[in-house]
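Dropping coords.txt in here (compact mmCIF, C-alpha atoms):
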# COMPACT_ATOMS: atom_id res chain seq x y z
CA MET A 1 -68.11 -8.79 -15.44
CA LEU A 2 -70.38 -11.06 -13.41
CA ASP A 3 -71.66 -10.45 -9.90
CA ARG A 4 -69.88 -12.50 -7.22
CA SER A 5 -72.76 -12.34 -4.78
CA ARG A 6 -75.21 -13.87 -7.24
CA ASN A 7 -72.86 -16.67 -8.17
CA SER A 8 -71.36 -17.56 -4.84
CA ALA A 9 -71.33 -21.32 -5.42
CA VAL A 10 -69.44 -20.91 -8.68
CA VAL A 11 -67.00 -18.45 -7.13
CA ALA A 12 -66.44 -20.80 -4.20
CA GLU A 13 -65.60 -23.64 -6.55
CA MET A 14 -63.18 -21.40 -8.47
CA GLN A 15 -61.41 -20.58 -5.20
CA LYS A 16 -61.37 -24.14 -3.91
CA ARG A 17 -57.64 -24.64 -4.42
CA ASN A 18 -56.61 -21.24 -3.03
CA VAL A 19 -54.67 -21.35 0.21
CA SER A 20 -57.19 -21.69 3.02
CA GLY A 21 -58.42 -18.32 4.28
CA SER A 22 -56.86 -16.28 1.48
CA SER A 23 -59.78 -15.75 -0.85
CA SER A 24 -61.70 -13.07 1.01
CA LYS A 25 -58.58 -10.94 1.45
CA LEU A 26 -57.73 -11.36 -2.23
CA ALA A 27 -61.25 -10.38 -3.24
CA ALA A 28 -61.01 -7.18 -1.20
CA ALA A 29 -57.65 -6.17 -2.66
CA LYS A 30 -56.99 -3.52 -5.30
CA VAL A 31 -53.81 -3.84 -7.32
CA THR A 32 -52.71 -1.33 -9.95
CA ILE A 33 -50.23 -2.60 -12.52
CA ALA A 34 -48.15 -0.03 -14.38
CA GLY A 35 -47.33 -1.60 -17.74
CA CYS A 36 -49.27 -4.26 -19.63
CA GLY A 37 -46.57 -6.15 -21.47
CA GLY A 38 -44.47 -9.17 -20.63
CA LEU A 39 -44.65 -8.55 -16.93
CA GLY A 40 -48.03 -6.86 -16.63
CA THR A 41 -50.02 -9.39 -18.65
CA ASN A 42 -48.51 -12.34 -16.82
CA ILE A 43 -48.89 -10.75 -13.40
CA SER A 44 -52.47 -9.68 -14.01
CA LEU A 45 -53.38 -13.15 -15.31
CA ALA A 46 -52.07 -14.79 -12.15
CA LEU A 47 -53.86 -12.31 -9.93
CA ALA A 48 -57.13 -12.65 -11.85
CA ARG A 49 -57.03 -16.43 -11.61
CA ILE A 50 -56.75 -16.39 -7.82
CA GLY A 51 -59.48 -13.78 -7.50
CA VAL A 52 -57.82 -10.46 -6.68
CA GLY A 53 -60.93 -8.28 -6.58
CA GLN A 54 -59.81 -5.23 -8.54
CA ILE A 55 -57.02 -5.14 -11.09
CA THR A 56 -56.17 -1.87 -12.82
CA LEU A 57 -54.05 -2.04 -15.98
CA ILE A 58 -52.19 1.04 -17.25
CA ASP A 59 -50.42 1.10 -20.63
CA PHE A 60 -50.38 3.54 -23.56
CA ASP A 61 -49.42 0.98 -26.17
CA GLN A 62 -50.99 -1.38 -28.72
CA VAL A 63 -50.49 -5.11 -29.18
CA GLU A 64 -47.81 -5.97 -31.76
CA LEU A 65 -46.76 -9.26 -33.32
CA SER A 66 -43.40 -9.14 -31.54
CA ASN A 67 -45.20 -9.07 -28.20
CA LEU A 68 -46.66 -12.52 -28.65
CA ASN A 69 -43.52 -14.45 -27.67
CA ARG A 70 -44.05 -13.46 -24.03
CA GLN A 71 -47.15 -11.33 -23.51
CA GLN A 72 -50.55 -12.85 -22.78
CA PHE A 73 -52.25 -11.55 -25.92
CA LYS A 74 -53.76 -13.56 -28.73
CA PHE A 75 -52.80 -13.46 -32.39
CA ASN A 76 -56.12 -11.86 -33.31
CA GLN A 77 -55.60 -9.03 -30.80
CA VAL A 78 -52.70 -7.44 -32.69
CA GLY A 79 -53.52 -3.76 -33.20
CA MET A 80 -55.78 -3.46 -30.17
CA ALA A 81 -54.94 -1.28 -27.20
CA LYS A 82 -53.08 -3.54 -24.77
CA VAL A 83 -55.20 -2.65 -21.77
CA VAL A 84 -58.43 -3.29 -23.72
CA ALA A 85 -57.21 -6.64 -25.05
CA MET A 86 -55.90 -7.80 -21.67
CA LYS A 87 -59.07 -6.75 -19.88
CA GLU A 88 -60.97 -9.03 -22.27
CA ASN A 89 -58.55 -11.88 -21.62
CA LEU A 90 -58.78 -11.48 -17.86
CA GLN A 91 -62.57 -11.36 -17.84
CA GLU A 92 -62.71 -14.50 -19.97
CA VAL A 93 -60.61 -16.29 -17.38
CA ASN A 94 -62.38 -14.85 -14.35
CA PRO A 95 -65.57 -12.87 -14.91
CA PHE A 96 -65.90 -12.19 -11.17
CA VAL A 97 -62.97 -9.79 -10.79
CA THR A 98 -63.14 -6.10 -11.68
CA VAL A 99 -60.67 -5.01 -14.32
CA LYS A 100 -60.05 -1.35 -15.12
CA ALA A 101 -58.26 -0.54 -18.36
CA ILE A 102 -56.45 2.80 -18.51
CA LYS A 103 -54.87 3.62 -21.85
CA GLU A 104 -52.42 6.29 -20.71
CA ARG A 105 -48.72 6.88 -20.27
CA VAL A 106 -47.67 7.28 -16.64
CA THR A 107 -46.18 10.77 -16.12
CA LEU A 108 -45.25 12.99 -13.22
CA GLN A 109 -48.54 14.83 -13.76
CA ASN A 110 -50.84 11.81 -13.42
CA ILE A 111 -49.06 9.53 -10.92
CA ALA A 112 -50.96 10.74 -7.88
CA GLN A 113 -54.33 10.27 -9.52
CA LEU A 114 -53.53 6.95 -11.24
CA PHE A 115 -52.34 5.13 -8.12
CA GLN A 116 -54.57 6.80 -5.54
CA ASP A 117 -56.90 3.87 -4.92
CA ALA A 118 -54.37 1.05 -5.14
CA ASP A 119 -53.59 -1.06 -2.08
CA ILE A 120 -50.49 -2.32 -3.84
CA ILE A 121 -48.64 -0.82 -6.80
CA CYS A 122 -46.95 -3.10 -9.30
CA GLU A 123 -44.25 -1.77 -11.63
CA ALA A 124 -44.24 -3.69 -14.90
CA PHE A 125 -42.57 -1.29 -17.28
CA ASP A 126 -40.13 -2.06 -20.07
CA ASP A 127 -38.24 1.24 -19.93
CA PRO A 128 -35.64 1.51 -17.12
CA ALA A 129 -36.08 5.28 -16.89
CA ALA A 130 -39.80 4.80 -16.24
CA LYS A 131 -38.94 2.25 -13.52
CA ALA A 132 -36.63 4.74 -11.82
CA MET A 133 -39.21 7.54 -12.13
CA LEU A 134 -41.94 5.40 -10.61
CA LEU A 135 -39.78 4.35 -7.66
CA GLU A 136 -38.79 7.91 -6.90
CA ASN A 137 -42.32 9.29 -7.13
CA VAL A 138 -44.28 6.49 -5.48
CA THR A 139 -41.97 6.52 -2.43
CA THR A 140 -42.49 10.29 -2.19
CA ILE A 141 -46.23 10.54 -2.88
CA PHE A 142 -47.38 7.20 -1.43
CA PRO A 143 -44.71 6.17 1.11
CA ASP A 144 -47.06 3.68 2.80
CA LYS A 145 -48.23 1.85 -0.32
CA PRO A 146 -46.19 -1.27 -1.09
CA LEU A 147 -44.43 -1.14 -4.46
CA VAL A 148 -43.35 -4.30 -6.25
CA MET A 149 -40.89 -3.85 -9.13
CA ALA A 150 -38.75 -5.82 -11.55
CA SER A 151 -35.43 -5.40 -13.32
CA GLY A 152 -33.51 -7.99 -15.33
CA MET A 153 -35.28 -10.97 -16.92
CA ALA A 154 -33.79 -11.13 -20.40
CA GLY A 155 -31.88 -13.84 -22.23
CA ILE A 156 -31.68 -17.51 -21.51
CA HIS A 157 -29.63 -17.36 -18.35
CA SER A 158 -30.37 -19.39 -15.28
CA ALA A 159 -33.88 -19.22 -13.97
CA ASN A 160 -32.28 -19.45 -10.54
CA ALA A 161 -30.72 -16.01 -10.97
CA ILE A 162 -34.13 -14.39 -10.68
CA LYS A 163 -34.75 -13.38 -7.07
CA THR A 164 -36.95 -11.02 -5.07
CA ARG A 165 -35.27 -8.62 -2.64
CA LYS A 166 -36.63 -6.00 -0.29
CA ILE A 167 -34.81 -2.77 -1.13
CA LEU A 168 -36.71 -0.25 1.00
CA PRO A 169 -39.31 -0.49 3.80
CA ASN A 170 -42.15 -0.81 1.26
CA VAL A 171 -40.32 -1.66 -1.96
CA TYR A 172 -39.60 -5.11 -3.37
CA LEU A 173 -37.50 -5.77 -6.48
CA ALA A 174 -37.63 -8.96 -8.53
CA GLY A 175 -35.34 -10.03 -11.36
CA ASP A 176 -31.67 -10.77 -11.86
CA GLY A 177 -30.86 -7.07 -11.82
CA LYS A 178 -28.65 -7.12 -14.88
CA SER A 179 -29.87 -8.86 -18.02
CA LYS A 180 -30.86 -6.16 -20.48
CA GLY A 181 -33.89 -6.41 -22.74
CA THR A 182 -31.68 -5.99 -25.82
CA GLU A 183 -30.50 -9.57 -25.23
CA GLY A 184 -33.95 -10.82 -26.09
CA LEU A 185 -37.00 -11.43 -23.94
CA MET A 186 -38.74 -14.77 -23.95
CA ALA A 187 -41.79 -16.18 -22.21
CA PRO A 188 -40.17 -18.65 -19.81
CA ARG A 189 -37.81 -16.28 -18.02
CA VAL A 190 -40.15 -13.28 -18.22
CA THR A 191 -42.93 -15.39 -16.72
CA ILE A 192 -40.64 -16.43 -13.87
CA CYS A 193 -39.96 -12.78 -13.07
CA ALA A 194 -43.66 -11.95 -13.38
CA GLY A 195 -44.36 -14.86 -11.05
CA HIS A 196 -41.97 -13.39 -8.52
CA GLU A 197 -43.82 -10.08 -8.63
CA ALA A 198 -47.26 -11.72 -8.46
CA ASN A 199 -46.20 -13.93 -5.55
CA MET A 200 -44.87 -10.92 -3.65
CA ILE A 201 -48.10 -9.02 -4.29
CA VAL A 202 -50.14 -11.93 -2.94
CA GLN A 203 -47.92 -12.20 0.15
CA LEU A 204 -48.40 -8.51 0.83
CA ILE A 205 -52.18 -8.77 0.41
CA LEU A 206 -52.18 -11.60 2.95
CA GLY A 207 -49.84 -9.81 5.36
CA ILE A 208 -46.92 -12.17 4.80
CA GLU A 209 -43.33 -11.36 3.95
CA ASP A 210 -41.24 -14.41 3.13
CA LEU A 211 -38.15 -13.75 1.02
CA ASN A 212 -36.08 -16.74 2.07
CA MET B 213 -15.62 7.19 4.06
CA VAL B 214 -19.00 6.74 2.44
CA THR B 215 -20.43 3.28 1.79
CA VAL B 216 -21.64 3.03 -1.81
CA ASN B 217 -23.39 -0.22 -2.72
CA GLY B 218 -21.56 -1.96 0.09
CA GLU B 219 -18.09 -0.62 -0.70
CA GLU B 220 -16.26 2.11 1.16
CA VAL B 221 -15.44 5.08 -1.07
CA ALA B 222 -13.71 8.31 -0.14
CA VAL B 223 -16.38 10.69 -1.41
CA ALA B 224 -17.44 12.57 1.71
CA GLY B 225 -18.02 16.19 0.71
CA THR B 226 -18.98 15.49 -2.88
CA SER B 227 -22.50 15.73 -4.26
CA ILE B 228 -24.56 12.75 -5.36
CA ALA B 229 -24.41 14.14 -8.90
CA THR B 230 -20.62 14.10 -8.81
CA LEU B 231 -20.57 10.57 -7.43
CA LEU B 232 -22.78 9.37 -10.28
CA THR B 233 -20.62 11.12 -12.87
CA GLN B 234 -17.49 9.52 -11.39
CA ARG B 235 -19.09 6.09 -11.77
CA ASN B 236 -20.39 6.78 -15.31
CA ALA B 237 -23.82 5.81 -14.05
CA PRO B 238 -26.73 6.50 -16.46
CA VAL B 239 -28.68 8.89 -14.28
CA SER B 240 -32.06 8.45 -15.95
CA ASN B 241 -32.09 4.70 -15.28
CA LEU B 242 -31.34 4.78 -11.59
CA ALA B 243 -32.59 5.86 -8.20
CA VAL B 244 -30.44 6.82 -5.24
CA GLU B 245 -31.11 5.79 -1.68
CA LEU B 246 -29.25 7.72 1.02
CA ASN B 247 -29.38 6.34 4.54
CA GLY B 248 -32.55 4.44 3.75
CA LYS B 249 -34.47 7.13 1.89
CA ILE B 250 -34.84 7.85 -1.81
CA VAL B 251 -33.30 11.16 -2.89
CA PRO B 252 -35.29 12.99 -5.60
CA ARG B 253 -33.12 13.46 -8.70
CA SER B 254 -33.77 17.20 -8.57
CA ASP B 255 -31.63 17.18 -5.42
CA PHE B 256 -28.68 15.19 -6.80
CA ALA B 257 -26.54 18.28 -7.32
CA ASN B 258 -27.45 19.81 -3.94
CA VAL B 259 -27.10 16.87 -1.59
CA LEU B 260 -23.55 16.51 -0.29
CA LEU B 261 -22.41 13.19 1.07
CA LYS B 262 -21.14 13.07 4.65
CA GLU B 263 -18.78 10.76 6.50
CA ASN B 264 -20.45 7.40 7.29
CA ASP B 265 -23.32 7.96 4.87
CA LYS B 266 -24.74 4.81 3.24
CA VAL B 267 -25.63 5.13 -0.41
CA GLU B 268 -27.40 2.54 -2.53
CA ILE B 269 -27.52 3.19 -6.26
CA ILE B 270 -30.45 1.20 -7.61
CA SER B 271 -29.90 0.69 -11.34
CA PHE B 272 -32.64 -0.59 -13.57
CA VAL B 273 -32.26 -2.43 -16.85
CA GLY B 274 -34.77 -2.54 -19.66
CA GLY B 275 -37.13 -5.34 -20.46
CA GLY B 276 -40.57 -6.16 -19.14

Encoding of this model in structure tokens:
Amino acid sequence: MLDRSRNSAVVAEMQKRNVSGSSSKLAAAKVTIAGCGGLGTNISLALARIGVGQITLIDFDQVELSNLNRQQFKFNQVGMAKVVAMKENLQEVNPFVTVKAIKERVTLQNIAQLFQDADIICEAFDDPAAKAMLLENVTTIFPDKPLVMASGMAGIHSANAIKTRKILPNVYLAGDGKSKGTEGLMAPRVTICAGHEANMIVQLILGIEDLN
Amino acid sequence: MVTVNGEEVAVAGTSIATLLTQRNAPVSNLAVELNGKIVPRSDFANVLLKENDKVEIISFVGGG
């Protein structure tokens, strides 16, 4: 990681196309992403590019060949821990953001500690039971932290079926809500859903809520 | 009547657990919101639905 304050001209140039006035708020933000697969790698890449200051990645798993059709890993990273590989990829793209890599499975026992310092929590799991568990526990333990989630991005159905809805005072849900992963998961549609989550996270960082 | 995912259902007096069983809903993959608040799954058998309650069953699918 490189120091922003010693490279301010370079950082400024990297932020030149960001929406006016957004960059300082993005740099101050801490986002924790639960899951570093199709959703998590795409979301974290978008957030790193625009300069979200601290991105924490949590995933217990390793990179596999079958991940490469949608996850932002490289062929030569197969076998690496996902969070380690993605941290490398993010730092290559933007050395001025802080990336924390946590190789752990999210459980009831570690939720409080894992998400304690996040401004915004992003759910990017594959397993629907883990999604349900995270929703239930985050709304109980951290009722004031925004939670952005996703469900339903499989197949080759319409891209227009992927939406973002607000389902609770601090909970936003992206996806089409129904297409199951067993149908097949492919980069275009998964990236759209990840884009929905990333866009919602950025809106929340900037104090906007536009779901029209 | 209780509103469940926007539809009126005559389930006042039954527990959330019973409601989910009636709908064949896979309990591990869902969360339940009752009148705007998430109900912990440990309470599903204890919480009884009342007249005019609003229930949202938030079902998740795999993939991500």

Legend entry - Who sits within 8 Å of Ile43 (chain A), all atoms listed in the file, same chain under 4 positions skipped, as a list in words: Leu39, Leu47, Ala194, Gly195, Glu197 and Ala198 of chain A

Legend entry - Residue nearest Asp255 (chain B) among B:Gln234, B:Ala229, B:Val273, B:Leu242 (counting only C-alpha atoms):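 Among the listed residues, the smallest separation from Asp255 (chain B) belongs to B:Ala229.
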
Restrict the calculation to only C-alpha atoms, then for each residue of chain B with any atom at most 8 Å from an atom of chain A give the closest atom pair and their distance in Å to one decimal, rows by chain and rising residue number, as CSV.
residue,atom,partner,partner_atom,distance
B:Ser240,CA,A:Ala129,CA,5.2
B:Asn241,CA,A:Ala129,CA,4.3
B:Leu242,CA,A:Ala132,CA,5.3
B:Ala243,CA,A:Ala132,CA,5.5
B:Gly248,CA,A:Leu168,CA,6.8
B:Lys249,CA,A:Leu168,CA,7.8
B:Ile250,CA,A:Glu136,CA,6.4
B:Val251,CA,A:Glu136,CA,7.5
B:Pro252,CA,A:Glu136,CA,6.3
B:Ser271,CA,A:Gly177,CA,7.8
B:Phe272,CA,A:Pro128,CA,5.1
B:Val273,CA,A:Pro128,CA,5.2
B:Gly274,CA,A:Pro128,CA,4.9
B:Gly275,CA,A:Gly181,CA,4.1
B:Gly276,CA,A:Asp126,CA,4.2

Inset, instruction - Go ahead and compute the interatomic distance for CA of Asn76 (chain A) and CA of Asn89 (chain A), in Å to one decimal. - result: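 Distance reported for this atom pair: 11.9 Å.
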
Inset, instruction - Take CA of Ile121 (chain A) and CA of Val97 (chain A) and report the distance between them in Å, one decimal. - result: 17.4 Å

Would you mind putting back all heavy atoms on region 172-183 of chain A, then writing it out as a PDB file, in the frame of the given file?
ATOM      1  N   TYR A 172     -40.138  -3.795  -3.080  1.00  0.00           N
ATOM      2  CA  TYR A 172     -39.600  -5.110  -3.370  1.00  0.00           C
ATOM      3  C   TYR A 172     -39.189  -5.162  -4.845  1.00  0.00           C
ATOM      4  O   TYR A 172     -39.918  -4.667  -5.709  1.00  0.00           O
ATOM      5  CB  TYR A 172     -40.651  -6.187  -3.081  1.00  0.00           C
ATOM      6  CG  TYR A 172     -41.147  -6.113  -1.658  1.00  0.00           C
ATOM      7  CD1 TYR A 172     -42.136  -5.208  -1.282  1.00  0.00           C
ATOM      8  CD2 TYR A 172     -40.604  -6.933  -0.669  1.00  0.00           C
ATOM      9  CE1 TYR A 172     -42.566  -5.111   0.027  1.00  0.00           C
ATOM     10  CE2 TYR A 172     -41.040  -6.856   0.649  1.00  0.00           C
ATOM     11  CZ  TYR A 172     -42.016  -5.942   0.991  1.00  0.00           C
ATOM     12  OH  TYR A 172     -42.439  -5.852   2.288  1.00  0.00           O
ATOM     13  N   LEU A 173     -38.035  -5.759  -5.113  1.00  0.00           N
ATOM     14  CA  LEU A 173     -37.500  -5.770  -6.480  1.00  0.00           C
ATOM     15  C   LEU A 173     -37.195  -7.186  -6.910  1.00  0.00           C
ATOM     16  O   LEU A 173     -36.392  -7.881  -6.287  1.00  0.00           O
ATOM     17  CB  LEU A 173     -36.233  -4.902  -6.532  1.00  0.00           C
ATOM     18  CG  LEU A 173     -35.486  -4.800  -7.852  1.00  0.00           C
ATOM     19  CD1 LEU A 173     -36.355  -4.214  -8.959  1.00  0.00           C
ATOM     20  CD2 LEU A 173     -34.238  -3.923  -7.670  1.00  0.00           C
ATOM     21  N   ALA A 174     -37.845  -7.612  -7.989  1.00  0.00           N
ATOM     22  CA  ALA A 174     -37.630  -8.960  -8.530  1.00  0.00           C
ATOM     23  C   ALA A 174     -36.739  -8.869  -9.759  1.00  0.00           C
ATOM     24  O   ALA A 174     -36.580  -7.807 -10.354  1.00  0.00           O
ATOM     25  CB  ALA A 174     -38.981  -9.575  -8.895  1.00  0.00           C
ATOM     26  N   GLY A 175     -36.161  -9.998 -10.155  1.00  0.00           N
ATOM     27  CA  GLY A 175     -35.340 -10.030 -11.360  1.00  0.00           C
ATOM     28  C   GLY A 175     -33.906 -10.434 -11.058  1.00  0.00           C
ATOM     29  O   GLY A 175     -33.565 -10.700  -9.911  1.00  0.00           O
ATOM     30  N   ASP A 176     -33.091 -10.477 -12.095  1.00  0.00           N
ATOM     31  CA  ASP A 176     -31.670 -10.770 -11.860  1.00  0.00           C
ATOM     32  C   ASP A 176     -30.844  -9.489 -11.793  1.00  0.00           C
ATOM     33  O   ASP A 176     -29.653  -9.522 -11.558  1.00  0.00           O
ATOM     34  CB  ASP A 176     -31.097 -11.740 -12.913  1.00  0.00           C
ATOM     35  CG  ASP A 176     -30.997 -11.145 -14.318  1.00  0.00           C
ATOM     36  OD1 ASP A 176     -30.986  -9.906 -14.481  1.00  0.00           O
ATOM     37  OD2 ASP A 176     -30.902 -11.925 -15.272  1.00  0.00           O
ATOM     38  N   GLY A 177     -31.503  -8.365 -12.002  1.00  0.00           N
ATOM     39  CA  GLY A 177     -30.860  -7.070 -11.820  1.00  0.00           C
ATOM     40  C   GLY A 177     -29.918  -6.647 -12.912  1.00  0.00           C
ATOM     41  O   GLY A 177     -29.407  -5.527 -12.885  1.00  0.00           O
ATOM     42  N   LYS A 178     -29.654  -7.498 -13.893  1.00  0.00           N
ATOM     43  CA  LYS A 178     -28.650  -7.120 -14.880  1.00  0.00           C
ATOM     44  C   LYS A 178     -28.920  -7.483 -16.334  1.00  0.00           C
ATOM     45  O   LYS A 178     -28.379  -6.830 -17.221  1.00  0.00           O
ATOM     46  CB  LYS A 178     -27.284  -7.667 -14.488  1.00  0.00           C
ATOM     47  CG  LYS A 178     -27.268  -9.156 -14.237  1.00  0.00           C
ATOM     48  CD  LYS A 178     -25.899  -9.585 -13.709  1.00  0.00           C
ATOM     49  CE  LYS A 178     -25.831 -11.090 -13.677  1.00  0.00           C
ATOM     50  NZ  LYS A 178     -24.508 -11.600 -13.342  1.00  0.00           N
ATOM     51  N   SER A 179     -29.700  -8.464 -16.619  1.00  0.00           N
ATOM     52  CA  SER A 179     -29.870  -8.860 -18.020  1.00  0.00           C
ATOM     53  C   SER A 179     -30.743  -7.861 -18.765  1.00  0.00           C
ATOM     54  O   SER A 179     -31.916  -7.676 -18.446  1.00  0.00           O
ATOM     55  CB  SER A 179     -30.493 -10.260 -18.090  1.00  0.00           C
ATOM     56  OG  SER A 179     -29.664 -11.176 -17.426  1.00  0.00           O
ATOM     57  N   LYS A 180     -30.168  -7.235 -19.766  1.00  0.00           N
ATOM     58  CA  LYS A 180     -30.860  -6.160 -20.480  1.00  0.00           C
ATOM     59  C   LYS A 180     -31.783  -6.700 -21.562  1.00  0.00           C
ATOM     60  O   LYS A 180     -31.462  -7.673 -22.244  1.00  0.00           O
ATOM     61  CB  LYS A 180     -29.844  -5.212 -21.128  1.00  0.00           C
ATOM     62  CG  LYS A 180     -28.936  -4.525 -20.135  1.00  0.00           C
ATOM     63  CD  LYS A 180     -27.996  -3.553 -20.814  1.00  0.00           C
ATOM     64  CE  LYS A 180     -27.072  -2.926 -19.784  1.00  0.00           C
ATOM     65  NZ  LYS A 180     -26.095  -2.034 -20.395  1.00  0.00           N
ATOM     66  N   GLY A 181     -32.883  -5.993 -21.759  1.00  0.00           N
ATOM     67  CA  GLY A 181     -33.890  -6.410 -22.740  1.00  0.00           C
ATOM     68  C   GLY A 181     -33.358  -6.579 -24.150  1.00  0.00           C
ATOM     69  O   GLY A 181     -33.893  -7.364 -24.933  1.00  0.00           O
ATOM     70  N   THR A 182     -32.267  -5.880 -24.481  1.00  0.00           N
ATOM     71  CA  THR A 182     -31.680  -5.990 -25.820  1.00  0.00           C
ATOM     72  C   THR A 182     -31.139  -7.397 -26.099  1.00  0.00           C
ATOM     73  O   THR A 182     -30.934  -7.769 -27.242  1.00  0.00           O
ATOM     74  CB  THR A 182     -30.528  -4.979 -25.980  1.00  0.00           C
ATOM     75  OG1 THR A 182     -29.732  -5.015 -24.786  1.00  0.00           O
ATOM     76  CG2 THR A 182     -31.066  -3.583 -26.170  1.00  0.00           C
ATOM     77  N   GLU A 183     -30.962  -8.185 -25.035  1.00  0.00           N
ATOM     78  CA  GLU A 183     -30.500  -9.570 -25.230  1.00  0.00           C
ATOM     79  C   GLU A 183     -31.603 -10.441 -25.808  1.00  0.00           C
ATOM     80  O   GLU A 183     -31.349 -11.556 -26.264  1.00  0.00           O
ATOM     81  CB  GLU A 183     -30.135 -10.196 -23.879  1.00  0.00           C
ATOM     82  CG  GLU A 183     -28.876  -9.711 -23.241  1.00  0.00           C
ATOM     83  CD  GLU A 183     -28.541 -10.550 -22.015  1.00  0.00           C
ATOM     84  OE1 GLU A 183     -28.600 -11.790 -22.123  1.00  0.00           O
ATOM     85  OE2 GLU A 183     -28.260  -9.961 -20.962  1.00  0.00           O
TER      86      GLU A 183
END
